[in-house]
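Undergrad: File follows, coords16.cif with mmCIF, C-alpha atoms:
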data_protein
#
loop_
_atom_site.group_PDB
_atom_site.id
_atom_site.type_symbol
_atom_site.label_atom_id
_atom_site.label_comp_id
_atom_site.auth_asym_id
_atom_site.auth_seq_id
_atom_site.Cartn_x
_atom_site.Cartn_y
_atom_site.Cartn_z
ATOM 1 C CA MET D 36 -32.180 -6.680 22.407
ATOM 2 C CA THR D 37 -33.079 -10.335 22.738
ATOM 3 C CA SER D 38 -30.775 -13.210 21.866
ATOM 4 C CA SER D 39 -33.151 -14.332 19.117
ATOM 5 C CA THR D 40 -32.966 -10.878 17.538
ATOM 6 C CA ILE D 41 -29.184 -10.877 17.656
ATOM 7 C CA ALA D 42 -29.055 -14.326 16.118
ATOM 8 C CA GLY D 43 -31.289 -13.157 13.295
ATOM 9 C CA GLN D 44 -29.077 -10.213 12.407
ATOM 10 C CA SER D 45 -27.144 -10.243 9.143
ATOM 11 C CA GLY D 46 -23.406 -9.565 9.071
ATOM 12 C CA SER D 47 -23.960 -6.040 7.761
ATOM 13 C CA ASP D 48 -26.463 -5.347 10.558
ATOM 14 C CA LYS D 49 -23.932 -6.467 13.168
ATOM 15 C CA VAL D 50 -21.247 -4.245 11.604
ATOM 16 C CA ALA D 51 -23.640 -1.280 11.651
ATOM 17 C CA GLU D 52 -24.501 -2.022 15.279
ATOM 18 C CA PHE D 53 -20.809 -2.198 16.200
ATOM 19 C CA ALA D 54 -20.137 1.154 14.497
ATOM 20 C CA GLN D 55 -23.067 2.750 16.303
ATOM 21 C CA SER D 56 -22.005 1.280 19.651
ATOM 22 C CA HIS D 57 -18.348 2.367 19.283
ATOM 23 C CA PRO D 58 -18.424 5.710 17.407
ATOM 24 C CA SER D 59 -15.273 7.041 19.095
ATOM 25 C CA LEU D 60 -13.288 3.920 18.213
ATOM 26 C CA VAL D 61 -14.423 4.058 14.577
ATOM 27 C CA ALA D 62 -13.691 7.793 14.309
ATOM 28 C CA LEU D 63 -10.234 7.298 15.828
ATOM 29 C CA ALA D 64 -9.436 4.391 13.532
ATOM 30 C CA LYS D 65 -10.458 6.453 10.493
ATOM 31 C CA THR D 66 -7.511 8.764 11.120
ATOM 32 C CA GLY D 67 -5.292 5.828 10.255
ATOM 33 C CA TRP D 68 -6.348 6.261 6.633
ATOM 34 C CA ILE D 69 -4.830 9.745 6.692
ATOM 35 C CA ALA D 70 -1.445 8.415 7.826
ATOM 36 C CA LYS D 71 -1.586 5.689 5.197
ATOM 37 C CA GLY D 72 -2.439 8.295 2.564
ATOM 38 C CA VAL D 73 0.458 10.550 3.565
ATOM 39 C CA VAL D 74 2.899 7.659 3.147
ATOM 40 C CA TYR D 75 1.521 6.623 -0.262
ATOM 41 C CA ALA D 76 1.460 10.198 -1.544
ATOM 42 C CA LEU D 77 5.083 10.663 -0.491
ATOM 43 C CA VAL D 78 6.084 7.425 -2.212
ATOM 44 C CA GLY D 79 4.503 8.773 -5.413
ATOM 45 C CA VAL D 80 6.220 12.137 -5.015
ATOM 46 C CA LEU D 81 9.585 10.399 -4.535
ATOM 47 C CA ALA D 82 8.896 8.242 -7.600
ATOM 48 C CA VAL D 83 8.257 11.170 -9.953
ATOM 49 C CA PRO D 84 11.873 12.457 -10.229
ATOM 50 C CA ILE D 85 13.135 8.878 -10.556
ATOM 51 C CA VAL D 86 10.780 8.290 -13.477
ATOM 52 C CA VAL D 87 11.495 11.684 -15.087
ATOM 53 C CA ASN D 88 15.261 11.224 -14.806
ATOM 54 C CA GLY D 89 14.970 7.697 -16.144
ATOM 55 C CA LEU D 90 12.960 8.795 -19.166
ATOM 56 C CA THR D 91 15.195 11.778 -19.948
ATOM 57 C CA ARG D 92 18.623 10.285 -19.358
ATOM 58 C CA ASP D 93 20.947 10.361 -22.339
ATOM 59 C CA ASP D 94 21.848 7.294 -24.355
ATOM 60 C CA ALA D 95 25.241 7.168 -22.691
ATOM 61 C CA GLY D 96 23.475 6.530 -19.403
ATOM 62 C CA GLY D 97 25.219 9.382 -17.621
ATOM 63 C CA ALA D 98 25.131 9.460 -13.876
ATOM 64 C CA GLN D 99 21.974 10.861 -12.409
ATOM 65 C CA GLN D 100 21.536 12.716 -9.170
ATOM 66 C CA GLN D 101 20.694 10.239 -6.428
ATOM 67 C CA GLU D 102 17.081 10.593 -5.346
ATOM 68 C CA ASN D 103 15.590 9.375 -2.125
ATOM 69 C CA GLU D 104 14.277 5.845 -2.410
ATOM 70 C CA ALA D 105 10.736 5.544 -3.766
ATOM 71 C CA SER D 106 9.339 3.145 -1.209
ATOM 72 C CA GLN D 107 7.308 3.271 1.980
ATOM 73 C CA SER D 108 10.508 3.184 4.030
ATOM 74 C CA GLY D 109 11.867 5.939 1.800
ATOM 75 C CA ALA D 110 8.773 8.003 2.534
ATOM 76 C CA ILE D 111 9.364 7.562 6.273
ATOM 77 C CA SER D 112 12.980 8.642 5.759
ATOM 78 C CA GLU D 113 11.810 11.730 3.866
ATOM 79 C CA ILE D 114 9.488 12.669 6.748
ATOM 80 C CA ALA D 115 12.428 12.294 9.143
ATOM 81 C CA GLU D 116 14.389 14.927 7.195
ATOM 82 C CA THR D 117 11.768 17.649 7.668
ATOM 83 C CA SER D 118 12.128 20.397 10.301
ATOM 84 C CA LEU D 119 9.439 18.741 12.449
ATOM 85 C CA GLY D 120 10.729 15.271 11.622
ATOM 86 C CA THR D 121 10.556 13.667 15.064
ATOM 87 C CA VAL D 122 7.061 14.975 15.836
ATOM 88 C CA ALA D 123 5.837 14.073 12.349
ATOM 89 C CA LEU D 124 7.284 10.580 12.645
ATOM 90 C CA TRP D 125 5.479 9.954 15.926
ATOM 91 C CA LEU D 126 2.230 11.210 14.395
ATOM 92 C CA VAL D 127 2.682 8.919 11.380
ATOM 93 C CA ALA D 128 3.550 5.967 13.625
ATOM 94 C CA VAL D 129 0.427 6.511 15.733
ATOM 95 C CA GLY D 130 -1.673 7.004 12.603
ATOM 96 C CA LEU D 131 -0.405 3.800 11.025
ATOM 97 C CA GLY D 132 -1.069 2.009 14.304
ATOM 98 C CA LEU D 133 -4.666 3.218 14.103
ATOM 99 C CA TYR D 134 -4.890 1.928 10.537
ATOM 100 C CA VAL D 135 -3.693 -1.458 11.804
ATOM 101 C CA LEU D 136 -6.463 -1.252 14.420
ATOM 102 C CA TRP D 137 -8.974 -0.619 11.613
ATOM 103 C CA ARG D 138 -7.804 -3.732 9.792
ATOM 104 C CA LEU D 139 -7.862 -5.894 12.946
ATOM 105 C CA VAL D 140 -11.412 -4.781 13.737
ATOM 106 C CA SER D 141 -12.399 -5.616 10.142
ATOM 107 C CA ILE D 142 -10.987 -9.123 10.612
ATOM 108 C CA ALA D 143 -12.912 -9.638 13.845
ATOM 109 C CA LEU D 144 -16.283 -8.410 12.578
ATOM 110 C CA PRO D 145 -18.971 -11.063 11.915
ATOM 111 C CA ALA D 146 -19.012 -12.419 8.358
ATOM 112 C CA GLU D 147 -20.067 -15.497 6.436
ATOM 113 C CA ASN D 148 -17.985 -18.636 6.817
ATOM 114 C CA SER D 149 -16.755 -19.000 3.246
ATOM 115 C CA ALA D 150 -13.447 -19.358 1.428
ATOM 116 C CA SER D 151 -13.670 -15.851 -0.053
ATOM 117 C CA VAL D 152 -14.301 -14.330 3.371
ATOM 118 C CA TRP D 153 -11.320 -16.094 4.905
ATOM 119 C CA ALA D 154 -9.169 -15.055 1.926
ATOM 120 C CA THR D 155 -10.218 -11.455 2.519
ATOM 121 C CA ARG D 156 -9.410 -11.785 6.203
ATOM 122 C CA ALA D 157 -5.990 -13.148 5.270
ATOM 123 C CA GLY D 158 -5.442 -10.096 3.071
ATOM 124 C CA TYR D 159 -6.452 -7.809 5.940
ATOM 125 C CA LEU D 160 -4.019 -9.638 8.218
ATOM 126 C CA VAL D 161 -1.144 -9.227 5.738
ATOM 127 C CA SER D 162 -2.024 -5.532 5.485
ATOM 128 C CA ALA D 163 -1.981 -5.229 9.283
ATOM 129 C CA ILE D 164 1.448 -6.894 9.465
ATOM 130 C CA VAL D 165 2.894 -4.671 6.723
ATOM 131 C CA TYR D 166 1.696 -1.457 8.337
ATOM 132 C CA THR D 167 2.766 -2.608 11.795
ATOM 133 C CA SER D 168 6.264 -3.014 10.354
ATOM 134 C CA LEU D 169 6.059 0.414 8.727
ATOM 135 C CA ALA D 170 4.837 2.007 11.962
ATOM 136 C CA TRP D 171 7.784 0.420 13.763
ATOM 137 C CA THR D 172 10.118 1.888 11.120
ATOM 138 C CA ALA D 173 8.686 5.338 11.878
ATOM 139 C CA VAL D 174 9.171 4.735 15.612
ATOM 140 C CA SER D 175 12.783 3.659 15.016
ATOM 141 C CA PHE D 176 13.495 6.862 13.078
ATOM 142 C CA ALA D 177 11.773 8.979 15.725
ATOM 143 C CA ARG D 178 13.704 7.372 18.596
ATOM 144 C CA ALA D 179 16.937 8.006 16.674
ATOM 145 C CA SER D 180 15.902 11.677 16.272
ATOM 146 C CA GLY D 181 15.348 11.177 12.571
ATOM 147 C CA SER D 182 18.843 9.821 11.899
ATOM 148 C CA GLY D 183 18.094 6.113 11.899
ATOM 149 C CA ALA D 184 19.339 4.285 8.828
ATOM 150 C CA THR D 185 17.416 1.424 7.296
ATOM 151 C CA GLU D 186 18.297 -1.096 4.648
ATOM 152 C CA SER D 187 16.905 -0.186 1.235
ATOM 153 C CA GLU D 188 13.815 -1.982 -0.031
ATOM 154 C CA ASP D 189 15.743 -3.294 -3.043
ATOM 155 C CA SER D 190 18.404 -4.779 -0.776
ATOM 156 C CA LYS D 191 15.725 -6.461 1.335
ATOM 157 C CA VAL D 192 13.996 -7.909 -1.736
ATOM 158 C CA GLU D 193 17.260 -9.129 -3.269
ATOM 159 C CA GLY D 194 18.392 -10.604 0.046
ATOM 160 C CA PHE D 195 15.066 -12.377 0.549
ATOM 161 C CA THR D 196 15.138 -13.722 -3.016
ATOM 162 C CA ARG D 197 18.704 -14.977 -2.619
ATOM 163 C CA ASP D 198 17.934 -16.717 0.687
ATOM 164 C CA VAL D 199 14.854 -18.442 -0.743
ATOM 165 C CA MET D 200 16.650 -19.507 -3.928
ATOM 166 C CA GLU D 201 19.350 -21.192 -1.883
ATOM 167 C CA ALA D 202 16.729 -23.610 -0.557
ATOM 168 C CA SER D 203 15.476 -26.614 -2.489
ATOM 169 C CA GLY D 204 12.716 -25.492 -4.827
ATOM 170 C CA GLY D 205 13.352 -21.866 -3.893
ATOM 171 C CA ARG D 206 13.408 -20.805 -7.513
ATOM 172 C CA TRP D 207 9.825 -22.039 -7.932
ATOM 173 C CA ILE D 208 8.736 -20.326 -4.735
ATOM 174 C CA ILE D 209 10.041 -16.970 -5.965
ATOM 175 C CA GLY D 210 8.347 -17.530 -9.314
ATOM 176 C CA LEU D 211 5.044 -18.310 -7.595
ATOM 177 C CA ILE D 212 5.353 -15.209 -5.408
ATOM 178 C CA GLY D 213 5.938 -13.158 -8.542
ATOM 179 C CA LEU D 214 2.896 -14.689 -10.226
ATOM 180 C CA ALA D 215 0.831 -14.037 -7.090
ATOM 181 C CA LEU D 216 1.833 -10.358 -7.177
ATOM 182 C CA VAL D 217 0.857 -10.176 -10.844
ATOM 183 C CA GLY D 218 -2.492 -11.746 -9.941
ATOM 184 C CA ILE D 219 -2.963 -9.161 -7.188
ATOM 185 C CA ALA D 220 -2.087 -6.459 -9.714
ATOM 186 C CA PHE D 221 -4.890 -7.588 -12.014
ATOM 187 C CA TYR D 222 -7.313 -7.629 -9.071
ATOM 188 C CA PHE D 223 -6.256 -4.101 -8.070
ATOM 189 C CA ALA D 224 -6.720 -2.962 -11.675
ATOM 190 C CA TYR D 225 -10.198 -4.495 -11.757
ATOM 191 C CA LYS D 226 -11.038 -2.893 -8.408
ATOM 192 C CA GLY D 227 -9.947 0.480 -9.734
ATOM 193 C CA ILE D 228 -11.562 0.322 -13.169
ATOM 194 C CA SER D 229 -14.858 -1.048 -11.832
ATOM 195 C CA ALA D 230 -14.756 1.208 -8.740
ATOM 196 C CA GLU D 231 -15.554 -1.884 -6.674
ATOM 197 C CA PHE D 232 -14.354 0.005 -3.600
ATOM 198 C CA ARG D 233 -17.471 2.220 -3.660
ATOM 199 C CA ASP D 234 -19.076 0.123 -0.950
ATOM 200 C CA GLU D 235 -16.131 0.947 1.315
ATOM 201 C CA LEU D 236 -17.243 4.597 1.336
ATOM 202 C CA GLU D 237 -20.226 6.220 2.928
ATOM 203 C CA PRO D 238 -22.216 8.385 0.472
ATOM 204 C CA GLY D 239 -21.472 12.092 0.315
ATOM 205 C CA GLY D 240 -18.609 14.416 -0.451
ATOM 206 C CA VAL D 241 -15.835 15.884 1.686
ATOM 207 C CA GLY D 242 -15.433 19.664 1.657
ATOM 208 C CA PRO D 243 -15.383 20.948 -1.935
ATOM 209 C CA LEU D 244 -14.994 17.415 -3.355
ATOM 210 C CA ASN D 245 -18.161 15.553 -4.248
ATOM 211 C CA HIS D 246 -18.532 11.797 -3.935
ATOM 212 C CA GLU D 247 -17.848 11.059 -7.607
ATOM 213 C CA THR D 248 -14.637 13.099 -7.598
ATOM 214 C CA ILE D 249 -13.383 11.098 -4.626
ATOM 215 C CA VAL D 250 -14.285 7.863 -6.417
ATOM 216 C CA ARG D 251 -12.355 8.972 -9.530
ATOM 217 C CA MET D 252 -9.298 9.646 -7.386
ATOM 218 C CA GLY D 253 -9.654 6.170 -5.940
ATOM 219 C CA GLN D 254 -9.903 4.623 -9.405
ATOM 220 C CA ILE D 255 -6.676 6.286 -10.533
ATOM 221 C CA GLY D 256 -5.019 5.329 -7.271
ATOM 222 C CA TRP D 257 -5.987 1.653 -7.406
ATOM 223 C CA VAL D 258 -4.705 1.409 -10.993
ATOM 224 C CA GLY D 259 -1.433 2.990 -9.836
ATOM 225 C CA ARG D 260 -1.149 0.394 -7.071
ATOM 226 C CA ALA D 261 -1.872 -2.307 -9.649
ATOM 227 C CA VAL D 262 1.027 -1.180 -11.823
ATOM 228 C CA MET D 263 3.293 -1.036 -8.772
ATOM 229 C CA MET D 264 2.486 -4.671 -7.933
ATOM 230 C CA LEU D 265 2.836 -5.687 -11.591
ATOM 231 C CA LEU D 266 6.345 -4.241 -11.869
ATOM 232 C CA ILE D 267 7.579 -5.839 -8.643
ATOM 233 C CA GLY D 268 6.012 -9.175 -9.573
ATOM 234 C CA TRP D 269 7.504 -9.069 -13.072
ATOM 235 C CA PHE D 270 11.053 -8.624 -11.773
ATOM 236 C CA LEU D 271 10.584 -11.446 -9.275
ATOM 237 C CA ILE D 272 9.483 -13.705 -12.137
ATOM 238 C CA GLN D 273 12.529 -12.618 -14.141
ATOM 239 C CA ALA D 274 14.780 -13.453 -11.198
ATOM 240 C CA ALA D 275 13.211 -16.913 -10.973
ATOM 241 C CA VAL D 276 13.370 -17.616 -14.712
ATOM 242 C CA ASN D 277 17.024 -16.538 -14.977
ATOM 243 C CA PHE D 278 17.895 -18.013 -11.570
ATOM 244 C CA ASN D 279 19.456 -14.671 -10.647
ATOM 245 C CA PRO D 280 18.364 -13.042 -7.365
ATOM 246 C CA ASP D 281 20.085 -9.801 -8.374
ATOM 247 C CA GLU D 282 17.254 -9.229 -10.868
ATOM 248 C CA ALA D 283 14.646 -8.994 -8.090
ATOM 249 C CA ARG D 284 13.539 -5.451 -7.413
ATOM 250 C CA GLY D 285 11.520 -3.484 -4.894
ATOM 251 C CA LEU D 286 9.435 -0.562 -6.129
ATOM 252 C CA ASP D 287 12.375 1.830 -6.357
ATOM 253 C CA GLY D 288 14.531 -0.503 -8.432
ATOM 254 C CA ALA D 289 11.556 -1.626 -10.521
ATOM 255 C CA LEU D 290 10.792 1.978 -11.492
ATOM 256 C CA ARG D 291 14.409 2.663 -12.427
ATOM 257 C CA GLU D 292 14.630 -0.487 -14.553
ATOM 258 C CA ALA D 293 11.221 0.045 -16.163
ATOM 259 C CA THR D 294 12.161 3.456 -17.565
ATOM 260 C CA SER D 295 14.703 1.809 -19.876
ATOM 261 C CA SER D 296 11.893 0.856 -22.283
ATOM 262 C CA THR D 297 8.957 2.750 -23.760
ATOM 263 C CA VAL D 298 6.277 0.473 -22.325
ATOM 264 C CA GLY D 299 8.037 0.235 -18.982
ATOM 265 C CA GLY D 300 8.400 4.004 -18.870
ATOM 266 C CA LEU D 301 4.663 4.433 -19.433
ATOM 267 C CA LEU D 302 3.920 1.967 -16.644
ATOM 268 C CA ALA D 303 6.347 3.811 -14.353
ATOM 269 C CA VAL D 304 4.563 7.112 -15.012
ATOM 270 C CA ILE D 305 1.183 5.527 -14.254
ATOM 271 C CA ALA D 306 2.572 4.028 -11.036
ATOM 272 C CA ALA D 307 4.147 7.269 -9.802
ATOM 273 C CA PHE D 308 1.154 9.516 -10.371
ATOM 274 C CA GLY D 309 -1.275 6.759 -9.427
ATOM 275 C CA LEU D 310 0.378 6.383 -6.021
ATOM 276 C CA ILE D 311 0.046 10.130 -5.439
ATOM 277 C CA ALA D 312 -3.631 9.874 -6.377
ATOM 278 C CA TYR D 313 -4.120 6.908 -4.038
ATOM 279 C CA GLY D 314 -2.494 8.779 -1.178
ATOM 280 C CA LEU D 315 -4.731 11.800 -1.720
ATOM 281 C CA PHE D 316 -7.735 9.489 -2.001
ATOM 282 C CA CYS D 317 -6.970 7.914 1.394
ATOM 283 C CA VAL D 318 -6.591 11.337 3.006
ATOM 284 C CA VAL D 319 -9.744 12.967 1.601
ATOM 285 C CA SER D 320 -11.925 9.871 1.880
ATOM 286 C CA ALA D 321 -10.991 9.148 5.512
ATOM 287 C CA PRO D 322 -14.133 10.855 6.913
ATOM 288 C CA ARG D 323 -16.230 8.693 4.570
ATOM 289 C CA ALA D 324 -14.417 5.396 5.167
ATOM 290 C CA ARG D 325 -16.946 2.722 6.049
ATOM 291 C CA LEU D 326 -16.190 -0.036 8.508
ATOM 292 C CA LYS D 327 -16.740 -3.323 6.660
ATOM 293 C CA SER D 328 -16.468 -6.954 7.535
ATOM 294 C CA ALA D 329 -14.678 -9.437 5.257
ATOM 295 C CA ASP D 330 -17.941 -10.217 3.393
#
Before we go any further, please render this structure as structure tokens.

TA:
Amino acid sequence: MTSSTIAGQSGSDKVAEFAQSHPSLVALAKTGWIAKGVVYALVGVLAVPIVVNGLTRDDAGGAQQQENEASQSGAISEIAETSLGTVALWLVAVGLGLYVLWRLVSIALPAENSASVWATRAGYLVSAIVYTSLAWTAVSFARASGSGATESEDSKVEGFTRDVMEASGGRWIIGLIGLALVGIAFYFAYKGISAEFRDELEPGGVGPLNHETIVRMGQIGWVGRAVMMLLIGWFLIQAAVNFNPDEARGLDGALREATSSTVGGLLAVIAAFGLIAYGLFCVVSAPRARLKSAD
């Protein structure tokens, strides 16, 4: 191929050429979606009893049985408690590492030089950092033979909020972070309702599931993720408004607090089952995941 031909290629053509030139790398990276899906599905499964207990607790607020934390770290902890915990943890860690590879390749692929493209790349980078941290959590549990203890997500969020609020203007920073999460929630909801993620999938079904069924699962899942972000963002805003870091919540705490009201309870139900749907979507759609640039 001549240099003039390469120069005349569009971004999508270059992505297609990369995928064709590195089929093994793309196929390997696709397995990362499975690991990501397993974690999300487990988070949803852990959230269900929390939501059910919250909605059915008596008016006296009697003590409830302590459930495992509904968070990504909680999902890793749940995997550690299985009979094949150590092996499963290593598999999840490797899988999440492959998902990080997928995101890094997406960042590096040719794309237009525009603000939206760089914003998308920034989002991919944040995703890569988050899942690198989660993969390391899985490694830590595995190296400790499944007995490693980690700080709860709620404690991390409250600690972070408290540290930021102690700084000058920290209250405003927390409020802006909360508003940003709410903004992301609306984008996720739009992405789910409009099925904007269709172009991230190659056409065709997987096994007994046709393409449209997979898309419907994705729509439910993206809406569930939207509600998750909305709840976390809302409690961060509340912490900023009331200047009280103890009101900040991770997903687990947000779900427990949300079930105290009718509307919050409905949102918690949507989040719990939506996260399960998103996890299943990631798993079943992995063979159809399409490598995309930030365009």

Undergrad: For the provided coordinates, the residues matched by the PyMOL selection byres ((chain D and resi 187-193) around 10) should be stated as a list in words.

TA: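 After applying the PyMOL selection byres ((chain D and resi 187-193) around 10), what remains is Glu104, Ala105, Ser106, Gln107, Ser108, Gly109, Ala184, Thr185, Glu186, Gly194, Phe195, Thr196, Arg197, Asp198, Val199, Ile267, Leu271, Ala274, Asn279, Pro280, Asp281, Glu282, Ala283, Arg284, Gly285, Leu286, Asp287, Gly288 and Ala289 of chain D.
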
Undergrad: Show me a table, sorted first by chain and then by increasing residue number, of the residues of stretch 148-172 of chain D having an atom at most 7 Å from stretch 113-133 of chain D, each with its shortest atom pair and the distance in Å to one decimal, counting all atoms listed in the file and written as CSV.

TA:
residue,atom,partner,partner_atom,distance
D:Tyr166,CA,D:Leu131,CA,6.3
D:Thr167,CA,D:Gly132,CA,6.5
D:Ala170,CA,D:Ala128,CA,4.5
D:Trp171,CA,D:Ala128,CA,7.0

Undergrad: Applying the PyMOL selection byres ((chain D and resi 71-85) around 7) to the file I just gave you, which residues come out? Please list them as a list of chain:residue names.

TA: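 That selection, the PyMOL selection byres ((chain D and resi 71-85) around 7), comes back as D:Gly67, D:Trp68, D:Ile69, D:Ala70, D:Val86, D:Val87, D:Asn88, D:Gly89, D:Glu102, D:Asn103, D:Glu104, D:Ala105, D:Ser106, D:Gln107, D:Ala110, D:Leu131, D:Arg291, D:Ala307, D:Phe308, D:Leu310, D:Ile311, D:Tyr313, D:Gly314, D:Leu315, D:Cys317, D:Val318.
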
Undergrad: Could you pull the residues within 12 Å of D:Asn148, counting all atoms listed in the file, minus those fewer than 4 positions along the same chain, as a PyMOL selection string?

TA: chain D and resi 46+144+152-156+328-330

Undergrad: Rank D:Glu235, D:Ala293, D:Leu160, D:Val217 by their smallest atom-to-atom distance to D:Ala143, using all atoms listed in the file, and report the top residue only.

TA: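 The shortest atom-to-atom distance to D:Ala143 comes from D:Leu160.
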